[in-house]
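K.L.:
The structure file upload.csv (CSV, C-alpha atoms) is provided below.
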```
chain,number,residue,atom,x,y,z
A,25,MET,CA,32.1,76.5,-130.7
A,26,THR,CA,30.8,73.0,-130.0
A,27,PHE,CA,32.6,70.7,-127.6
A,28,ALA,CA,32.3,66.9,-127.4
A,29,PRO,CA,30.3,65.9,-124.3
A,30,ILE,CA,32.2,65.1,-121.1
A,31,LEU,CA,30.8,63.2,-118.2
A,32,ALA,CA,32.2,64.3,-114.8
A,33,PRO,CA,30.9,61.9,-112.1
A,34,SER,CA,30.5,63.7,-108.8
A,35,LEU,CA,32.3,62.0,-105.9
A,36,LEU,CA,29.7,63.4,-103.6
A,37,ALA,CA,27.5,60.5,-104.6
A,38,GLY,CA,30.2,57.9,-104.0
A,39,ASP,CA,30.9,55.9,-100.8
A,40,HIS,CA,32.3,58.3,-98.3
A,41,ALA,CA,33.8,55.5,-96.3
A,42,ALA,CA,35.9,54.5,-99.4
A,43,LEU,CA,36.4,57.7,-101.4
A,44,GLY,CA,39.5,56.4,-103.1
A,45,ASP,CA,37.7,53.3,-104.4
A,46,SER,CA,34.7,55.4,-105.5
A,47,ALA,CA,36.9,57.8,-107.4
A,48,ALA,CA,38.8,54.9,-109.0
A,49,VAL,CA,35.5,53.8,-110.6
A,50,VAL,CA,35.8,56.9,-112.9
A,51,PRO,CA,39.0,56.0,-114.9
A,52,ALA,CA,38.0,52.3,-114.7
A,53,HIS,CA,35.0,53.2,-117.0
A,54,GLY,CA,37.3,55.1,-119.4
A,55,LEU,CA,36.2,58.6,-118.1
A,56,GLU,CA,38.7,61.4,-117.8
A,57,TRP,CA,36.9,63.9,-115.4
A,58,LEU,CA,36.1,63.6,-111.7
A,59,HIS,CA,33.9,66.3,-110.1
A,60,LEU,CA,34.9,67.2,-106.6
A,61,ASP,CA,32.3,69.2,-104.5
A,62,ILE,CA,34.0,71.2,-101.8
A,63,MET,CA,31.5,72.5,-99.2
A,64,ASP,CA,32.2,74.7,-96.2
A,65,GLY,CA,28.9,74.5,-94.2
A,66,HIS,CA,28.5,78.2,-94.6
A,67,PHE,CA,27.9,79.0,-98.3
A,68,VAL,CA,26.0,75.8,-98.5
A,69,PRO,CA,24.5,73.8,-95.6
A,70,ASN,CA,26.8,70.8,-95.8
A,71,LEU,CA,30.4,69.8,-95.2
A,72,THR,CA,32.4,67.6,-97.5
A,73,PHE,CA,36.2,67.4,-97.8
A,74,GLY,CA,39.2,69.6,-98.1
A,75,PRO,CA,42.5,69.8,-99.9
A,76,GLU,CA,44.1,66.9,-98.0
A,77,ILE,CA,41.5,64.5,-99.3
A,78,VAL,CA,42.1,65.8,-102.8
A,79,ALA,CA,45.8,65.3,-102.4
A,80,ALA,CA,45.3,61.8,-101.1
A,81,LEU,CA,43.1,61.0,-104.2
A,82,ARG,CA,45.7,62.4,-106.5
A,83,ARG,CA,48.4,60.1,-105.0
A,84,ARG,CA,46.4,57.0,-106.0
A,85,PRO,CA,48.1,55.6,-109.1
A,86,GLU,CA,44.9,54.9,-111.0
A,87,LEU,CA,43.9,58.6,-110.5
A,88,SER,CA,47.3,60.1,-111.6
A,89,ASP,CA,45.9,61.2,-115.0
A,90,THR,CA,42.3,61.9,-114.0
A,91,PHE,CA,41.2,65.5,-114.5
A,92,PHE,CA,40.1,66.9,-111.1
A,93,ASP,CA,37.2,69.3,-111.7
A,94,THR,CA,37.1,71.0,-108.3
A,95,HIS,CA,34.0,73.0,-107.4
A,96,LEU,CA,34.5,75.3,-104.4
A,97,MET,CA,31.2,76.1,-102.7
A,98,LEU,CA,32.8,78.4,-100.2
A,99,ASP,CA,32.1,81.8,-98.7
A,100,GLU,CA,35.8,82.8,-99.2
A,101,PRO,CA,37.1,80.6,-102.0
A,102,HIS,CA,40.1,83.0,-102.6
A,103,ARG,CA,41.6,81.9,-99.4
A,104,TYR,CA,41.8,78.2,-100.5
A,105,ILE,CA,42.6,78.2,-104.2
A,106,GLU,CA,46.3,77.7,-103.6
A,107,ALA,CA,45.7,74.7,-101.3
A,108,PHE,CA,43.5,73.0,-103.8
A,109,ALA,CA,45.9,73.8,-106.7
A,110,LYS,CA,48.8,72.3,-104.8
A,111,ALA,CA,46.6,69.3,-103.9
A,112,GLY,CA,46.3,68.4,-107.6
A,113,SER,CA,43.2,70.1,-108.9
A,114,ASN,CA,43.2,70.7,-112.7
A,115,LEU,CA,40.3,73.1,-112.8
A,116,ILE,CA,39.0,75.2,-109.9
A,117,SER,CA,35.5,76.8,-110.1
A,118,ILE,CA,34.3,79.5,-107.8
A,119,HIS,CA,30.9,81.0,-107.2
A,120,ILE,CA,29.8,84.5,-108.2
A,121,GLU,CA,27.5,85.0,-105.2
A,122,PRO,CA,29.9,85.7,-102.3
A,123,THR,CA,31.5,89.0,-102.1
A,124,TYR,CA,35.2,88.9,-103.0
A,125,ASP,CA,37.4,89.9,-106.0
A,126,HIS,CA,36.1,87.4,-108.6
A,127,ARG,CA,38.3,88.6,-111.4
A,128,ALA,CA,41.5,88.5,-109.4
A,129,THR,CA,40.7,85.1,-108.0
A,130,LEU,CA,40.1,83.7,-111.4
A,131,ALA,CA,43.4,85.1,-112.6
A,132,GLU,CA,45.2,83.7,-109.6
A,133,ILE,CA,43.7,80.2,-110.3
A,134,ARG,CA,45.4,80.4,-113.8
A,135,ASN,CA,48.6,81.7,-112.3
A,136,LEU,CA,48.6,78.6,-110.1
A,137,GLY,CA,48.6,76.4,-113.2
A,138,CYS,CA,44.9,75.4,-113.2
A,139,GLN,CA,42.0,76.1,-115.5
A,140,ASN,CA,39.3,78.3,-113.9
A,141,GLY,CA,35.6,78.4,-113.8
A,142,ILE,CA,32.7,80.6,-112.6
A,143,VAL,CA,29.5,79.1,-111.1
A,144,LEU,CA,25.9,80.4,-110.8
A,145,ASN,CA,23.3,79.2,-108.4
A,146,PRO,CA,19.7,78.7,-109.6
A,147,GLY,CA,18.5,82.1,-108.3
A,148,THR,CA,21.4,84.0,-109.7
A,149,PRO,CA,20.7,85.9,-113.0
A,150,VAL,CA,23.1,84.9,-115.8
A,151,ASP,CA,23.9,88.5,-116.6
A,152,VAL,CA,26.1,88.9,-113.5
A,153,VAL,CA,28.8,86.8,-115.1
A,154,LYS,CA,28.7,88.3,-118.5
A,155,HIS,CA,31.8,90.5,-117.8
A,156,LEU,CA,33.8,87.3,-116.9
A,157,VAL,CA,33.0,84.8,-119.6
A,158,ALA,CA,35.9,85.9,-121.7
A,159,GLU,CA,38.3,85.1,-118.8
A,160,VAL,CA,37.2,81.6,-117.9
A,161,ASP,CA,37.7,78.1,-119.1
A,162,LEU,CA,34.3,76.9,-117.8
A,163,VAL,CA,30.9,78.3,-116.7
A,164,LEU,CA,28.9,76.0,-114.4
A,165,VAL,CA,25.1,76.4,-114.2
A,166,MET,CA,23.6,74.8,-111.1
A,167,THR,CA,20.3,73.1,-111.9
A,168,VAL,CA,19.7,72.4,-108.2
A,169,GLN,CA,20.4,74.5,-105.1
A,170,PRO,CA,23.8,73.3,-104.1
A,171,GLY,CA,24.5,71.6,-100.8
A,172,PHE,CA,23.1,68.1,-101.1
A,173,GLY,CA,22.9,65.4,-103.8
A,174,GLY,CA,19.8,63.7,-105.1
A,175,GLN,CA,17.7,66.9,-105.7
A,176,SER,CA,15.2,67.3,-108.5
A,177,PHE,CA,16.4,68.9,-111.8
A,178,ARG,CA,15.3,72.4,-112.5
A,179,GLU,CA,14.3,72.6,-116.2
A,180,ASP,CA,13.8,76.4,-115.8
A,181,MET,CA,17.6,76.8,-115.9
A,182,MET,CA,17.7,75.9,-119.6
A,183,PRO,CA,17.4,79.6,-120.7
A,184,LYS,CA,20.6,80.3,-118.7
A,185,LEU,CA,22.5,77.6,-120.7
A,186,GLN,CA,21.0,79.0,-123.9
A,187,ARG,CA,22.1,82.5,-123.1
A,188,LEU,CA,25.6,81.4,-122.2
A,189,ALA,CA,25.9,79.3,-125.3
A,190,ALA,CA,24.8,82.3,-127.4
A,191,TRP,CA,27.4,84.6,-125.8
A,192,ARG,CA,30.1,81.9,-126.5
A,193,GLU,CA,29.1,81.7,-130.1
A,194,ALA,CA,28.7,85.5,-130.6
A,195,GLN,CA,32.1,86.3,-129.0
A,196,ASN,CA,33.9,83.2,-130.4
A,197,LEU,CA,34.8,82.1,-126.9
A,198,ASN,CA,36.0,78.6,-125.9
A,199,PHE,CA,34.8,78.1,-122.4
A,200,ARG,CA,33.1,74.8,-121.6
A,201,LEU,CA,29.5,75.0,-120.4
A,202,GLU,CA,28.9,72.6,-117.5
A,203,VAL,CA,25.7,71.7,-115.8
A,204,ASP,CA,25.3,70.1,-112.3
A,205,GLY,CA,22.2,68.9,-110.4
A,206,GLY,CA,19.8,66.1,-111.2
A,207,VAL,CA,21.5,65.3,-114.5
A,208,ASP,CA,20.5,61.8,-115.7
A,209,LEU,CA,19.6,60.1,-119.0
A,210,LYS,CA,16.4,62.1,-119.3
A,211,THR,CA,17.5,65.6,-118.3
A,212,GLY,CA,21.0,65.5,-119.8
A,213,PRO,CA,19.8,65.6,-123.4
A,214,LEU,CA,17.7,68.7,-122.5
A,215,CYS,CA,20.9,70.4,-121.2
A,216,ARG,CA,22.8,69.3,-124.3
A,217,ALA,CA,20.2,70.8,-126.6
A,218,ALA,CA,20.4,74.1,-124.6
A,219,GLY,CA,24.2,74.2,-125.2
A,220,ALA,CA,25.8,72.3,-122.3
A,221,ASP,CA,28.8,70.1,-123.1
A,222,THR,CA,30.0,69.0,-119.6
A,223,PHE,CA,27.7,67.0,-117.4
A,224,VAL,CA,28.1,66.4,-113.7
A,225,ALA,CA,26.3,63.3,-112.6
A,226,GLY,CA,26.4,62.0,-109.1
A,227,THR,CA,23.5,59.7,-108.1
A,228,ALA,CA,22.7,58.9,-111.8
A,229,PHE,CA,26.2,57.6,-112.4
A,230,PHE,CA,27.2,56.0,-109.1
A,231,LYS,CA,23.8,54.3,-108.5
A,232,ALA,CA,23.3,53.3,-112.1
A,233,GLU,CA,22.7,49.6,-112.7
A,234,ASP,CA,25.0,49.8,-115.7
A,235,ARG,CA,27.6,52.6,-115.4
A,236,THR,CA,29.2,51.6,-118.7
A,237,ALA,CA,25.9,52.1,-120.5
A,238,PHE,CA,25.3,55.4,-118.7
A,239,ALA,CA,28.8,56.7,-119.8
A,240,ALA,CA,28.2,55.5,-123.3
A,241,ALA,CA,24.9,57.3,-123.5
A,242,VAL,CA,26.4,60.6,-122.4
A,243,SER,CA,29.1,60.3,-125.0
A,244,GLY,CA,26.4,60.2,-127.6
A,245,TRP,CA,24.6,63.3,-126.6
```
Would you mind giving the structure from this file in structure tokens?

P.N.:
Amino acid sequence: MTFAPILAPSLLAGDHAALGDSAAVVPAHGLEWLHLDIMDGHFVPNLTFGPEIVAALRRRPELSDTFFDTHLMLDEPHRYIEAFAKAGSNLISIHIEPTYDHRATLAEIRNLGCQNGIVLNPGTPVDVVKHLVAEVDLVLVMTVQPGFGGQSFREDMMPKLQRLAAWREAQNLNFRLEVDGGVDLKTGPLCRAAGADTFVAGTAFFKAEDRTAFAAAVSGW
């Protein structure tokens, strides 16, 4: 299955002193998805924001219809999925690396009315999520080590995307294949060629000289 490309700007690269204004840039450019990186300072060496911030963003009128793509980089994501669902997340992605009941957590995300996703870090073999791909709405392949924005893109992650795309095709599945980390106008087409259809761009979007042109380029991938 082939999906039309989606650009999901990452709020991590926005102005943290004016998160609401940064988030509002996304619908102002005709984009439907906003990527929210939630970090706990344990699973990744950084802290970002929690469900109260997500809820505050959702209350802004210009964000009422924006799709909140919420990426939980947490040691114990199962403890927080209800809070983020209630805050207004549309999709909640969880990492495969920590030890908890991944399948039950993915099911609970759907029970809470959200789409679900599973995430792999660069060092995680793709085969560890094979048993879950039929139960998710999205698989996210990290092309940098998560924790901080502005890192260099890892082209050696392309075989993961290719493998996931092959599984999707062979099993007639309909999960979106997302990529996050160093995605820009040069690396994004490489990911698209490998099977990705959903592109998280932080620095490349928010620091672009022409965000409209950047968004238009992604829509043509």

K.L.:
Report, in Å with one decimal, the straight-line distance from CA of Thr222 (chain A) to CA of Leu35 (chain A).

P.N.:
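Those two atoms sit 15.6 Å apart.
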
K.L.:
With all atoms listed in the file as the atoms that count, which of A:Pro149, A:Gly74, A:Pro122, A:Pro29 lies nearest to Ala241 (chain A)?

P.N.:
A:Pro29

K.L.:
Let me make sure I understand: among A:Gln175, A:Asn135, A:Gln195, A:Asn114, which one has the smallest atom-to-atom distance to Gly226 (chain A) if we use only C-alpha atoms?

P.N.:
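For Gly226 (chain A), the nearest of the given residues is A:Gln175.
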
K.L.:
For Ala37 (chain A), which residue among A:Thr72, A:Asn140, A:Ser88, A:Thr211 is the nearest when counting all atoms listed in the file?

P.N.:
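Result for the nearest residue to Ala37 (chain A): A:Thr72.
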
K.L.:
Could you tell me how far CA of Glu100 (chain A) lies from CA of Ile62 (chain A), in Å and to one decimal?

P.N.:
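Result for CA of Glu100 (chain A) versus CA of Ile62 (chain A): 12.0 Å, one decimal.
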
K.L.:
Taking into account all atoms listed in the file, which residue in the set A:Ile77, A:Asn196, A:Ile105, A:Leu55 is nearest to Phe238 (chain A)?

P.N.:
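Comparing A:Ile77, A:Asn196, A:Ile105, A:Leu55 against Phe238 (chain A), the winner is A:Leu55.
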
K.L.:
List the spatial neighbours of region 124-129 of chain A as a PyMOL selection string - criterion: any atom at most 8 Å away, only C-alpha atoms, same-chain residues fewer than 2 positions off excluded.

P.N.:
chain A and resi 100+102+120+122+131-133+156

K.L.:
Output C-alpha atoms of each residue in that selection to a file, as a PDB file, in the frame of the given file.

P.N.:
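What landed in out39.pdb:
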```
ATOM      1  CA  GLU A 100      35.800  82.800 -99.200  1.00  0.00           C
ATOM      2  CA  HIS A 102      40.100  83.000-102.600  1.00  0.00           C
ATOM      3  CA  ILE A 120      29.800  84.500-108.200  1.00  0.00           C
ATOM      4  CA  PRO A 122      29.900  85.700-102.300  1.00  0.00           C
ATOM      5  CA  ALA A 131      43.400  85.100-112.600  1.00  0.00           C
ATOM      6  CA  GLU A 132      45.200  83.700-109.600  1.00  0.00           C
ATOM      7  CA  ILE A 133      43.700  80.200-110.300  1.00  0.00           C
ATOM      8  CA  LEU A 156      33.800  87.300-116.900  1.00  0.00           C
TER       9      LEU A 156
END
```

K.L.:
Excluding same-chain residues fewer than 5 positions from Ala189 (chain A), what lies within 12 Å of it counting all atoms listed in the file, as a list in words?

P.N.:
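The neighbour list is Met25, Thr26, Phe27, Val150, Lys154, Val157, Leu162, Val163, Leu164, Val165, Met182, Pro183, Lys184, Ala194, Gln195, Asn196, Leu197, Asn198, Phe199, Arg200, Leu201, Glu202, Cys215, Arg216, Ala217, Ala218, Gly219, Ala220 and Asp221 of chain A.
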
K.L.:
For Pro85 (chain A), which of A:Gly54, A:Leu71, A:Glu106, A:Ala47 is the closest residue, counting only C-alpha atoms?

P.N.:
A:Ala47

K.L.:
Counting all atoms listed in the file, I want the residues whose atoms come within 12 Å of (43.1, 72.3, -114.8) in the file frame, returned as a VMD selection string.

P.N.:
chain A and resid 57 to 59 89 to 95 108 to 117 133 to 141 160 to 162

K.L.:
Distance CA of Gln169 (chain A)-CA of Asn145 (chain A), one decimal place?

P.N.:
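CA of Gln169 (chain A) sits 6.4 Å away from CA of Asn145 (chain A).
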
K.L.:
For region 229-232 of chain A, work out the shell of residues within 9 Å, counting all atoms listed in the file and skipping chain neighbours fewer than 6 positions away, then give it as a PyMOL selection string.

P.N.:
chain A and resi 33-35+37-38+46+49+208+238-239

K.L.:
Go through A:Glu159, A:Asp180, A:Asp64, A:Asp39 and flag the residue nearest Thr227 (chain A), using only C-alpha atoms for the distances.

P.N.:
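Among the listed residues, the smallest separation from Thr227 (chain A) belongs to A:Asp39.
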
K.L.:
Give me the residues near Ala80 (chain A) as a list of chain:residue names, where near means some atom within 9 Å (using all atoms listed in the file) and where sequence neighbours in that chain fewer than 4 positions away do not count.

P.N.:
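Near neighbours after the sequence-gap exclusion: A:Gly44, A:Pro75, A:Glu76, A:Arg84, A:Ala111.
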